[in-house]
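Dropping entry07.csv in here (CSV, C-alpha atoms and all ligand atoms):
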```
chain,number,residue,atom,x,y,z
A,3,MET,CA,34.4,16.1,-10.1
A,4,ALA,CA,33.3,17.4,-13.5
A,5,GLU,CA,32.4,13.8,-14.3
A,6,ALA,CA,30.1,13.6,-11.3
A,7,ASN,CA,28.4,16.9,-12.3
A,8,ASP,CA,27.9,15.5,-15.8
A,9,LEU,CA,26.3,12.3,-14.4
A,10,GLU,CA,24.0,14.4,-12.2
A,11,GLN,CA,23.0,16.6,-15.2
A,12,VAL,CA,22.2,13.5,-17.3
A,13,PHE,CA,20.0,12.2,-14.5
A,14,GLU,CA,18.3,15.6,-14.0
A,15,ASN,CA,17.7,15.9,-17.8
A,16,LYS,CA,16.0,12.5,-17.8
A,17,ILE,CA,13.8,13.4,-14.9
A,18,ASP,CA,12.8,16.7,-16.6
A,19,ALA,CA,12.1,14.9,-19.9
A,20,GLU,CA,9.8,12.3,-18.2
A,21,GLU,CA,12.2,9.6,-19.2
A,22,LYS,CA,12.4,6.6,-16.8
A,23,ILE,CA,15.6,6.0,-14.7
A,24,GLU,CA,16.7,2.4,-15.2
A,25,PRO,CA,18.7,0.1,-12.9
A,26,LYS,CA,22.0,0.6,-14.8
A,27,ASP,CA,21.7,4.4,-15.0
A,28,TRP,CA,23.7,6.6,-12.7
A,29,MET,CA,21.5,8.0,-9.9
A,30,PRO,CA,22.1,10.1,-6.8
A,31,GLU,CA,22.6,8.0,-3.7
A,32,GLY,CA,19.7,9.8,-2.0
A,33,TYR,CA,17.4,8.8,-4.9
A,34,ARG,CA,18.4,5.2,-4.6
A,35,LYS,CA,18.0,5.1,-0.8
A,36,ASN,CA,14.6,6.9,-0.9
A,37,LEU,CA,13.4,4.4,-3.5
A,38,ILE,CA,14.6,1.4,-1.6
A,39,ARG,CA,12.8,2.8,1.5
A,40,GLN,CA,9.5,3.4,-0.2
A,41,MET,CA,9.5,0.4,-2.5
A,42,SER,CA,10.5,-2.1,0.1
A,43,GLN,CA,7.9,-0.7,2.5
A,44,HIS,CA,5.3,-1.0,-0.3
A,45,ALA,CA,6.3,-4.6,-0.8
A,46,HIS,CA,6.1,-5.4,2.9
A,47,SER,CA,2.6,-3.8,2.9
A,48,GLU,CA,1.4,-6.1,0.2
A,49,VAL,CA,2.8,-9.2,2.1
A,50,ILE,CA,1.7,-8.2,5.6
A,51,GLY,CA,-1.7,-7.2,4.1
A,52,MET,CA,-2.4,-10.8,3.5
A,53,GLN,CA,-2.8,-11.5,7.2
A,54,PRO,CA,-6.0,-9.6,8.0
A,55,GLU,CA,-7.6,-11.2,5.0
A,56,GLY,CA,-6.2,-14.7,5.6
A,57,ASN,CA,-7.9,-14.5,9.0
A,58,TRP,CA,-11.3,-15.1,7.2
A,59,LEU,CA,-10.3,-17.7,4.6
A,60,THR,CA,-11.6,-20.6,6.6
A,61,ARG,CA,-14.8,-18.8,7.6
A,62,ALA,CA,-15.8,-17.3,4.3
A,63,PRO,CA,-19.6,-17.6,4.0
A,64,THR,CA,-19.7,-19.5,0.7
A,65,LEU,CA,-17.3,-21.5,-1.5
A,66,GLU,CA,-17.4,-18.7,-4.1
A,67,ARG,CA,-16.5,-16.0,-1.6
A,68,LYS,CA,-13.7,-18.3,-0.3
A,69,SER,CA,-12.2,-18.8,-3.7
A,70,VAL,CA,-12.4,-15.1,-4.6
A,71,LEU,CA,-10.7,-14.2,-1.3
A,72,LEU,CA,-8.0,-16.9,-1.8
A,73,ALA,CA,-7.3,-15.5,-5.3
A,74,LYS,CA,-7.1,-12.0,-4.0
A,75,ILE,CA,-4.7,-12.9,-1.2
A,76,GLN,CA,-2.5,-14.7,-3.8
A,77,ASP,CA,-2.5,-11.6,-5.9
A,78,GLU,CA,-1.2,-9.6,-2.9
A,79,ALA,CA,1.6,-12.1,-2.6
A,80,GLY,CA,2.4,-11.6,-6.3
A,81,HIS,CA,2.4,-7.8,-5.8
A,82,GLY,CA,4.9,-8.2,-3.0
A,83,LEU,CA,7.1,-10.3,-5.3
A,84,TYR,CA,7.1,-7.8,-8.2
A,85,LEU,CA,8.0,-5.1,-5.7
A,86,TYR,CA,10.7,-7.0,-4.0
A,87,SER,CA,12.2,-7.9,-7.3
A,88,ALA,CA,12.0,-4.2,-8.5
A,89,THR,CA,13.6,-3.1,-5.2
A,90,GLU,CA,16.5,-5.6,-5.7
A,91,THR,CA,17.4,-3.9,-9.0
A,92,LEU,CA,18.6,-1.0,-6.8
A,93,GLY,CA,21.4,-3.2,-5.4
A,94,ILE,CA,20.0,-4.5,-2.2
A,95,THR,CA,19.3,-8.2,-1.5
A,96,ARG,CA,16.0,-9.8,-0.5
A,97,GLU,CA,17.6,-10.9,2.7
A,98,GLU,CA,18.5,-7.4,3.7
A,99,ILE,CA,15.1,-6.1,2.8
A,100,VAL,CA,13.3,-8.7,4.9
A,101,GLN,CA,15.8,-8.3,7.8
A,102,ALA,CA,14.9,-4.5,7.9
A,103,LEU,CA,11.3,-5.5,8.4
A,104,HIS,CA,12.1,-8.0,11.1
A,105,ASP,CA,14.3,-5.5,12.9
A,106,GLY,CA,11.6,-2.8,12.8
A,107,ARG,CA,13.8,-0.5,10.6
A,108,ALA,CA,11.3,-0.8,7.7
A,109,LYS,CA,7.6,0.1,8.1
A,110,TYR,CA,4.6,-1.3,6.3
A,111,ALA,CA,1.2,0.3,5.8
A,112,SER,CA,-0.4,1.3,9.1
A,113,ILE,CA,-3.8,0.0,8.1
A,114,PHE,CA,-2.7,-3.7,8.4
A,115,ASN,CA,-2.2,-3.2,12.1
A,116,TYR,CA,-6.0,-3.2,12.7
A,117,PRO,CA,-7.9,-6.4,13.3
A,118,SER,CA,-10.4,-7.9,10.8
A,119,LEU,CA,-13.2,-8.7,13.3
A,120,THR,CA,-16.1,-9.7,11.1
A,121,TRP,CA,-16.8,-11.0,7.6
A,122,ALA,CA,-17.9,-7.5,6.6
A,123,ASP,CA,-14.3,-6.3,7.3
A,124,ILE,CA,-13.2,-8.3,4.2
A,125,GLY,CA,-15.6,-6.3,2.1
A,126,ALA,CA,-14.5,-3.1,3.7
A,127,ILE,CA,-10.8,-3.9,3.1
A,128,GLY,CA,-11.4,-4.5,-0.6
A,129,TRP,CA,-13.6,-1.4,-1.0
A,130,LEU,CA,-11.6,1.0,1.2
A,131,VAL,CA,-8.1,-0.3,1.6
A,132,ASP,CA,-7.7,-1.4,-2.0
A,133,GLY,CA,-9.6,1.7,-3.0
A,134,ALA,CA,-7.1,3.9,-1.2
A,135,ALA,CA,-4.2,1.9,-2.5
A,136,ILE,CA,-5.3,2.2,-6.1
A,137,VAL,CA,-5.7,6.0,-5.9
A,138,ASN,CA,-2.0,6.1,-4.8
A,139,GLN,CA,-0.8,3.5,-7.2
A,140,VAL,CA,-2.4,4.9,-10.3
A,141,ALA,CA,-0.3,8.0,-9.6
A,142,LEU,CA,2.8,5.8,-9.0
A,143,GLN,CA,2.5,4.3,-12.5
A,144,ARG,CA,4.2,7.5,-13.6
A,145,THR,CA,6.9,7.3,-11.0
A,146,SER,CA,10.4,8.1,-12.4
A,147,TYR,CA,12.0,4.7,-11.7
A,148,GLY,CA,11.3,2.3,-14.5
A,149,PRO,CA,11.0,-1.0,-12.7
A,150,TYR,CA,8.7,0.5,-10.0
A,151,ALA,CA,6.5,2.2,-12.7
A,152,ARG,CA,6.1,-1.0,-14.6
A,153,ALA,CA,5.3,-3.1,-11.5
A,154,MET,CA,2.6,-0.5,-10.8
A,155,VAL,CA,0.9,-0.9,-14.1
A,156,ARG,CA,0.3,-4.6,-13.5
A,157,ILE,CA,-0.6,-4.2,-9.8
A,158,CYS,CA,-3.2,-1.5,-10.7
A,159,LYS,CA,-5.1,-3.8,-13.0
A,160,GLU,CA,-5.4,-6.4,-10.3
A,161,GLU,CA,-6.1,-3.8,-7.5
A,162,SER,CA,-9.0,-2.2,-9.4
A,163,PHE,CA,-10.6,-5.7,-9.5
A,164,HIS,CA,-10.0,-6.1,-5.8
A,165,GLN,CA,-11.7,-2.9,-5.1
A,166,ARG,CA,-14.8,-3.8,-7.1
A,167,GLN,CA,-15.1,-7.3,-5.5
A,168,GLY,CA,-14.8,-5.7,-2.0
A,169,TYR,CA,-17.5,-3.1,-2.9
A,170,GLU,CA,-19.8,-5.8,-4.3
A,171,SER,CA,-19.3,-7.9,-1.2
A,172,ILE,CA,-20.1,-5.1,1.3
A,173,ALA,CA,-23.0,-3.9,-0.9
A,174,VAL,CA,-24.6,-7.4,-0.6
A,175,LEU,CA,-24.4,-7.1,3.2
A,176,ALA,CA,-25.7,-3.6,3.2
A,177,ARG,CA,-28.8,-4.8,1.2
A,178,GLY,CA,-29.2,-7.8,3.5
A,179,SER,CA,-30.9,-8.3,6.9
A,180,ALA,CA,-30.8,-5.5,9.5
A,181,GLN,CA,-28.0,-7.4,11.3
A,182,GLN,CA,-26.0,-7.7,8.1
A,183,LYS,CA,-26.4,-4.1,7.3
A,184,ALA,CA,-25.3,-3.2,10.9
A,185,MET,CA,-22.2,-5.3,10.3
A,186,ALA,CA,-21.4,-3.5,7.1
A,187,GLN,CA,-21.8,-0.1,8.8
A,188,ASP,CA,-19.7,-1.2,11.7
A,189,ALA,CA,-16.9,-2.3,9.3
A,190,LEU,CA,-17.1,1.1,7.6
A,191,ASN,CA,-16.9,2.9,11.0
A,192,ARG,CA,-13.8,1.0,12.0
A,193,TRP,CA,-11.9,1.1,8.6
A,194,TRP,CA,-12.7,4.6,7.4
A,195,TRP,CA,-10.2,6.6,9.4
A,196,PRO,CA,-7.4,4.1,9.1
A,197,SER,CA,-8.0,4.2,5.4
A,198,LEU,CA,-7.4,7.9,5.3
A,199,MET,CA,-4.2,7.4,7.3
A,200,MET,CA,-2.9,5.2,4.5
A,201,PHE,CA,-1.9,8.4,2.6
A,202,GLY,CA,0.5,9.4,5.3
A,203,PRO,CA,0.9,12.7,7.2
A,204,HIS,CA,-0.2,16.1,5.9
A,205,ASP,CA,2.1,17.5,3.2
A,206,ALA,CA,3.5,20.0,5.6
A,207,ASP,CA,4.5,17.2,8.0
A,208,SER,CA,5.7,14.8,5.4
A,209,ALA,CA,9.5,14.2,5.7
A,210,HIS,CA,10.1,12.8,2.3
A,211,SER,CA,7.5,14.4,0.1
A,212,ALA,CA,9.3,17.5,-1.1
A,213,GLN,CA,12.4,15.6,-2.4
A,214,SER,CA,10.3,12.7,-3.7
A,215,MET,CA,8.2,15.1,-5.7
A,216,LEU,CA,11.3,16.9,-7.2
A,217,TRP,CA,12.6,13.5,-8.2
A,218,LYS,CA,9.2,12.5,-9.5
A,219,ILE,CA,9.2,9.4,-7.3
A,220,LYS,CA,5.9,10.7,-6.0
A,221,ARG,CA,3.6,12.4,-8.6
A,222,LYS,CA,0.9,13.6,-6.2
A,223,SER,CA,1.1,14.7,-2.6
A,224,ASN,CA,-0.3,12.8,0.4
A,225,ASP,CA,-3.1,15.3,0.8
A,226,GLU,CA,-4.0,15.5,-2.9
A,227,LEU,CA,-4.4,11.7,-3.0
A,228,ARG,CA,-6.3,11.6,0.3
A,229,GLN,CA,-8.7,14.2,-1.1
A,230,SER,CA,-9.3,12.2,-4.4
A,231,PHE,CA,-10.0,9.1,-2.3
A,232,VAL,CA,-12.6,10.9,-0.1
A,233,ASP,CA,-14.2,12.5,-3.2
A,234,GLN,CA,-14.7,9.2,-5.0
A,235,THR,CA,-15.8,7.2,-2.0
A,236,VAL,CA,-18.6,9.4,-0.6
A,237,SER,CA,-21.0,8.6,-3.4
A,238,GLN,CA,-20.1,4.9,-3.3
A,239,ALA,CA,-21.2,4.9,0.4
A,240,GLU,CA,-24.4,6.8,-0.5
A,241,ILE,CA,-25.3,4.2,-3.2
A,242,ILE,CA,-25.2,1.4,-0.7
A,243,ASP,CA,-26.9,3.5,2.0
A,244,LEU,CA,-24.0,3.4,4.5
A,245,GLU,CA,-22.9,6.5,6.4
A,246,ILE,CA,-19.3,7.7,6.5
A,247,PRO,CA,-18.4,8.2,10.2
A,248,ASP,CA,-17.4,11.8,9.9
A,249,PRO,CA,-19.7,14.6,11.1
A,250,ASP,CA,-17.5,17.2,9.3
A,251,LEU,CA,-17.9,15.6,5.9
A,252,LYS,CA,-19.5,18.2,3.6
A,253,TRP,CA,-19.4,19.2,0.0
A,254,ASN,CA,-17.5,22.4,-0.5
A,255,GLU,CA,-19.0,24.2,-3.5
A,256,GLN,CA,-16.1,26.7,-3.7
A,257,ARG,CA,-13.3,24.0,-3.7
A,258,GLN,CA,-15.4,21.5,-5.6
A,259,HIS,CA,-14.2,18.9,-3.1
A,260,PHE,CA,-15.5,17.3,0.1
A,261,ASP,CA,-14.3,18.9,3.3
A,262,PHE,CA,-13.6,16.3,6.0
A,263,GLY,CA,-12.6,16.0,9.6
A,264,GLU,CA,-9.2,15.8,11.1
A,265,ILE,CA,-7.4,12.5,11.4
A,266,ASP,CA,-6.3,11.3,14.8
A,267,TRP,CA,-2.6,11.8,14.2
A,268,ASP,CA,-1.6,10.5,17.7
A,269,GLU,CA,-3.2,7.2,16.8
A,270,PHE,CA,-1.4,7.3,13.4
A,271,LYS,CA,2.0,7.9,15.2
A,272,GLN,CA,1.3,5.1,17.7
A,273,VAL,CA,0.5,2.7,14.9
A,274,ILE,CA,3.5,3.5,12.7
A,275,ASN,CA,5.8,3.3,15.7
A,276,GLY,CA,4.8,-0.3,16.5
A,277,ASN,CA,2.1,0.3,19.0
A,278,GLY,CA,-1.1,-0.5,17.0
A,279,LEU,CA,-3.5,-3.2,18.0
A,280,CYS,CA,-1.9,-5.9,15.8
A,281,ASN,CA,1.7,-4.7,15.2
A,282,ARG,CA,3.3,-7.4,17.3
A,283,GLU,CA,1.1,-10.1,16.0
A,284,ARG,CA,1.7,-9.2,12.4
A,285,LEU,CA,5.5,-9.1,12.7
A,286,ALA,CA,5.6,-12.3,14.8
A,287,GLN,CA,3.5,-14.1,12.1
A,288,HIS,CA,5.8,-12.9,9.3
A,289,LYS,CA,8.9,-14.0,11.2
A,290,LYS,CA,7.3,-17.4,11.8
A,291,ALA,CA,6.3,-17.9,8.2
A,292,HIS,CA,9.7,-16.8,7.0
A,293,ALA,CA,11.4,-19.3,9.3
A,294,ASN,CA,9.0,-22.0,8.2
A,295,GLY,CA,10.0,-21.3,4.5
A,296,ALA,CA,13.7,-21.5,5.1
A,297,TRP,CA,13.8,-25.1,3.8
A,298,VAL,CA,12.2,-24.0,0.5
A,299,ARG,CA,14.8,-21.3,0.0
A,300,ASP,CA,17.6,-23.7,0.9
A,301,ALA,CA,16.2,-26.3,-1.6
A,302,VAL,CA,16.0,-23.8,-4.4
A,303,ALA,CA,19.5,-22.5,-3.7
A,304,ALA,CA,20.8,-26.1,-3.7
A,305,TYR,CA,19.0,-26.9,-7.0
A,306,VAL,CA,20.4,-23.8,-8.7
A,307,LYS,CA,23.8,-24.6,-7.4
A,308,GLY,CA,23.5,-28.2,-8.8
A,309,LYS,CA,22.4,-26.9,-12.2
A,310,THR,CA,24.8,-24.0,-12.7
A,311,GLY,CA,27.5,-24.2,-10.1
A,312,GLU,CA,26.4,-20.8,-8.8
A,313,SER,CA,25.2,-20.2,-5.3
A,314,GLY,CA,21.6,-19.4,-6.3
A,315,GLU,CA,21.3,-16.9,-3.4
A,401,LIG,N1,1.8,3.6,7.1
A,401,LIG,O1,7.4,11.5,4.5
A,401,LIG,P1,6.2,10.6,4.5
A,401,LIG,C1,-2.3,-2.9,-0.5
A,401,LIG,C2,5.7,6.8,7.2
A,401,LIG,S1,-0.8,-2.5,0.1
A,401,LIG,C3,3.0,3.4,7.6
A,401,LIG,O2,4.9,11.2,4.0
A,401,LIG,P2,6.4,9.0,2.1
A,401,LIG,C4,-3.0,-4.1,0.0
A,401,LIG,C5,6.7,6.9,6.0
A,401,LIG,O3,7.1,5.6,5.6
A,401,LIG,C6,-0.4,-1.0,-0.7
A,401,LIG,N2,4.0,4.3,7.5
A,401,LIG,O4,6.6,9.3,3.6
A,401,LIG,C7,-2.4,-5.2,0.4
A,401,LIG,C8,7.8,7.7,6.7
A,401,LIG,O5,8.6,6.8,7.5
A,401,LIG,P3,10.1,6.4,7.2
A,401,LIG,C9,0.3,0.0,0.2
A,401,LIG,C10,3.7,5.5,6.9
A,401,LIG,O6,7.1,7.7,1.8
A,401,LIG,C11,-3.0,-6.3,0.9
A,401,LIG,C12,7.1,8.6,7.6
A,401,LIG,O7,5.8,8.0,7.9
A,401,LIG,N3,0.7,1.2,-0.6
A,401,LIG,O8,-2.8,-2.2,-1.4
A,401,LIG,O9,6.9,10.2,1.3
A,401,LIG,C13,-4.4,-6.2,1.0
A,401,LIG,C14,6.8,10.0,7.0
A,401,LIG,O10,5.9,10.0,5.9
A,401,LIG,C15,2.4,5.7,6.4
A,401,LIG,C16,1.9,1.7,-0.5
A,401,LIG,O11,2.8,1.3,0.2
A,401,LIG,C17,1.4,4.7,6.5
A,401,LIG,N4,0.2,4.9,6.1
A,401,LIG,O12,4.8,8.9,1.8
A,401,LIG,C18,-5.1,-5.1,0.6
A,401,LIG,C19,2.1,2.9,-1.4
A,401,LIG,N5,2.4,7.0,5.9
A,401,LIG,O13,10.1,5.6,5.9
A,401,LIG,C20,-4.4,-4.1,0.0
A,401,LIG,C21,3.6,3.3,-1.6
A,401,LIG,C22,3.6,7.5,6.1
A,401,LIG,O14,10.9,7.6,7.1
A,401,LIG,N6,4.1,4.3,-0.6
A,401,LIG,N7,4.4,6.6,6.7
A,401,LIG,O15,10.5,5.5,8.4
A,401,LIG,C23,3.8,5.6,-0.7
A,401,LIG,O16,3.1,6.1,-1.6
A,401,LIG,C24,4.4,6.5,0.3
A,401,LIG,O17,5.4,5.8,1.0
A,401,LIG,C25,3.4,7.0,1.4
A,401,LIG,C26,4.1,7.9,2.4
A,401,LIG,C27,2.3,7.9,0.7
A,401,LIG,C28,2.7,5.9,2.1
```
Translate this file's structure into structure tokens.
Ligand code: BYC
Amino acid sequence: MAEANDLEQVFENKIDAEEKIEPKDWMPEGYRKNLIRQMSQHAHSEVIGMQPEGNWLTRAPTLERKSVLLAKIQDEAGHGLYLYSATETLGITREEIVQALHDGRAKYASIFNYPSLTWADIGAIGWLVDGAAIVNQVALQRTSYGPYARAMVRICKEESFHQRQGYESIAVLARGSAQQKAMAQDALNRWWWPSLMMFGPHDADSAHSAQSMLWKIKRKSNDELRQSFVDQTVSQAEIIDLEIPDPDLKWNEQRQHFDFGEIDWDEFKQVINGNGLCNRERLAQHKKAHANGAWVRDAVAAYVKGKTGESGE
């Protein structure tokens, strides 16, 4: 018993001293489980997030836009892979992680359950969705679990480029013909509120936040991050002369932040519980792609076995 207390004390001291927890360190079971939950859901978000963008690959307006989009989607796959590998260091297999997604036990970011209806949506995703993701992920670079923090450093570099290319792409439409500008505004109208939902429920309603903040898994709260995103995005919309679809959006001199309207939390709950516009389609597509890739996994396992005598799984 004394030994368990000692281990817990060493863990707490490391957290207090801002030292990273590494895979071989002792950690409370709750810390491990919470990390597996958040990191695996983060990985799934990166991978499922390829789908709404992939929808426009064959219809990108120019070869240059197509190659940039292709590179971005490949980056997202890479982010998923870093995060799956980092999650595996916590003692769970890739198969178990993917199975939890397929069984509906693991979530992924709600935003990817909305359809990408026009080319302008691709700009909006880069600008707003990557923009929201990066606000969150910059804070996560200081998360207490070493492999997660290190994955975030690399991901943030790529994500900030994604945000800029999305903003540039939508800015071109906003400066274009009346029809192109209307497309850009329509994309902003549809993606704004789902982007704010990416930060999760209000702090008071967030099931995991209090413990995650104590363990320094999360360094900033859902509401703090959402506020930073709103504050930085308002002027970006102004520069390209698009209007954020929120009549309550207003600078608050006293708070030195923008006030903004209430999110439709019923919609949020519907989406995270599997009833969004595209939930079924996204999951079905993932299952299909996973099944189609089985022969690759089998071939790699057979190759590794042939080389080393180990199972390679
Ligand atoms: N969507 O206690 P809470 C990208 C769930 S992808 C769905 O506040 P937590 C990109 C939450 O999981 C980058 N579910 O949770 C890719 C929990 O349910 P469970 C995505 C949500 O974890 C391709 C319950 O609600 N980024 O950049 O403390 C193309 C209670 O919430 C959401 C990340 O994944 C949501 N929005 O805080 C383009 C960041 N919000 O698990 C771009 C990593 C909440 O108990 N994750 N839920 O069943 C996080 O930072 C945190 O997990 C969250 C939520 C802030 C999202």
Let me see if you get this right: every residue at most 6 Å from ligand LIG 401 (chain A), counting all atoms listed in the file, written as a compact mmCIF listing (two decimals) with C-alpha atoms, in the coordinates of the input.
```txt
# COMPACT_ATOMS: atom_id res chain seq x y z
CA ARG A 39 12.80 2.80 1.50
CA GLN A 40 9.50 3.40 -0.20
CA GLN A 43 7.90 -0.70 2.50
CA HIS A 44 5.30 -1.00 -0.30
CA SER A 47 2.60 -3.80 2.90
CA GLU A 48 1.40 -6.10 0.20
CA GLY A 51 -1.70 -7.20 4.10
CA MET A 52 -2.40 -10.80 3.50
CA GLU A 78 -1.20 -9.60 -2.90
CA LYS A 109 7.60 0.10 8.10
CA TYR A 110 4.60 -1.30 6.30
CA ALA A 111 1.20 0.30 5.80
CA SER A 112 -0.40 1.30 9.10
CA VAL A 131 -8.10 -0.30 1.60
CA ASP A 132 -7.70 -1.40 -2.00
CA ALA A 135 -4.20 1.90 -2.50
CA MET A 199 -4.20 7.40 7.30
CA MET A 200 -2.90 5.20 4.50
CA PHE A 201 -1.90 8.40 2.60
CA GLY A 202 0.50 9.40 5.30
CA PRO A 203 0.90 12.70 7.20
CA SER A 208 5.70 14.80 5.40
CA ALA A 209 9.50 14.20 5.70
CA HIS A 210 10.10 12.80 2.30
CA SER A 211 7.50 14.40 0.10
CA ASN A 224 -0.30 12.80 0.40
CA ILE A 274 3.50 3.50 12.70
```
| note | Of A:Ile136, A:Gly148, A:Asp233, A:Ala62, the one sitting nearest Gln165 (chain A) when using all atoms listed in the file is A:Ile136
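Distance-wise, CA of Leu85 (chain A) and CA of Ala45 (chain A) end up 5.2 Å apart.
When all atoms listed in the file are used to measure the gap to Phe262 (chain A), the shortest distance among A:Val232, A:Ala212, A:Val306, A:Ala296 belongs to A:Val232.
Between CA of His104 (chain A) and CA of Glu283 (chain A) there is a distance of 12.2 Å.
In this comparison, which uses all atoms listed in the file, the residue of A:Ile113, A:Ala186, A:Ala151, A:Ile246 approaching Glu269 (chain A) most closely is A:Ile113.
Nearest-residue note for Ala153 (chain A): choosing from A:Tyr84, A:Thr120, A:Gln101, A:Arg107, the minimum distance belongs to A:Tyr84, counting only C-alpha atoms.
With CA of Lys183 (chain A) on one side and CA of Ile127 (chain A) on the other, the separation reads 16.2 Å.
Between Arg34 (chain A) and the candidates A:Ile94, A:Ala126, A:Leu251, A:Val137, the tightest atom-to-atom separation, counting all atoms listed in the file, involves A:Ile94.
Ranking A:Leu72, A:Glu245, A:Phe13, A:Asp261 by their shortest atom-to-atom distance to Trp58 (chain A), with all atoms listed in the file included, puts A:Leu72 first.
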| field | Shell of 12 Å around region 121-123 of chain A, only C-alpha atoms, local chain residues under 5 positions omitted, as number ranges by chain | value | A: 54-64, 67-68, 71, 114, 116, 128-131, 168-176, 178, 181-194
| request: Excluding region 140-142 of chain A and any residue of its chain fewer than 3 positions from it, enumerate the residues within 12 Å of it, using all atoms listed in the file, and give them as a ChimeraX atom specification. | output: /A:40-41,44,132-137,145-162,214-215,218-224,226-227,230-231
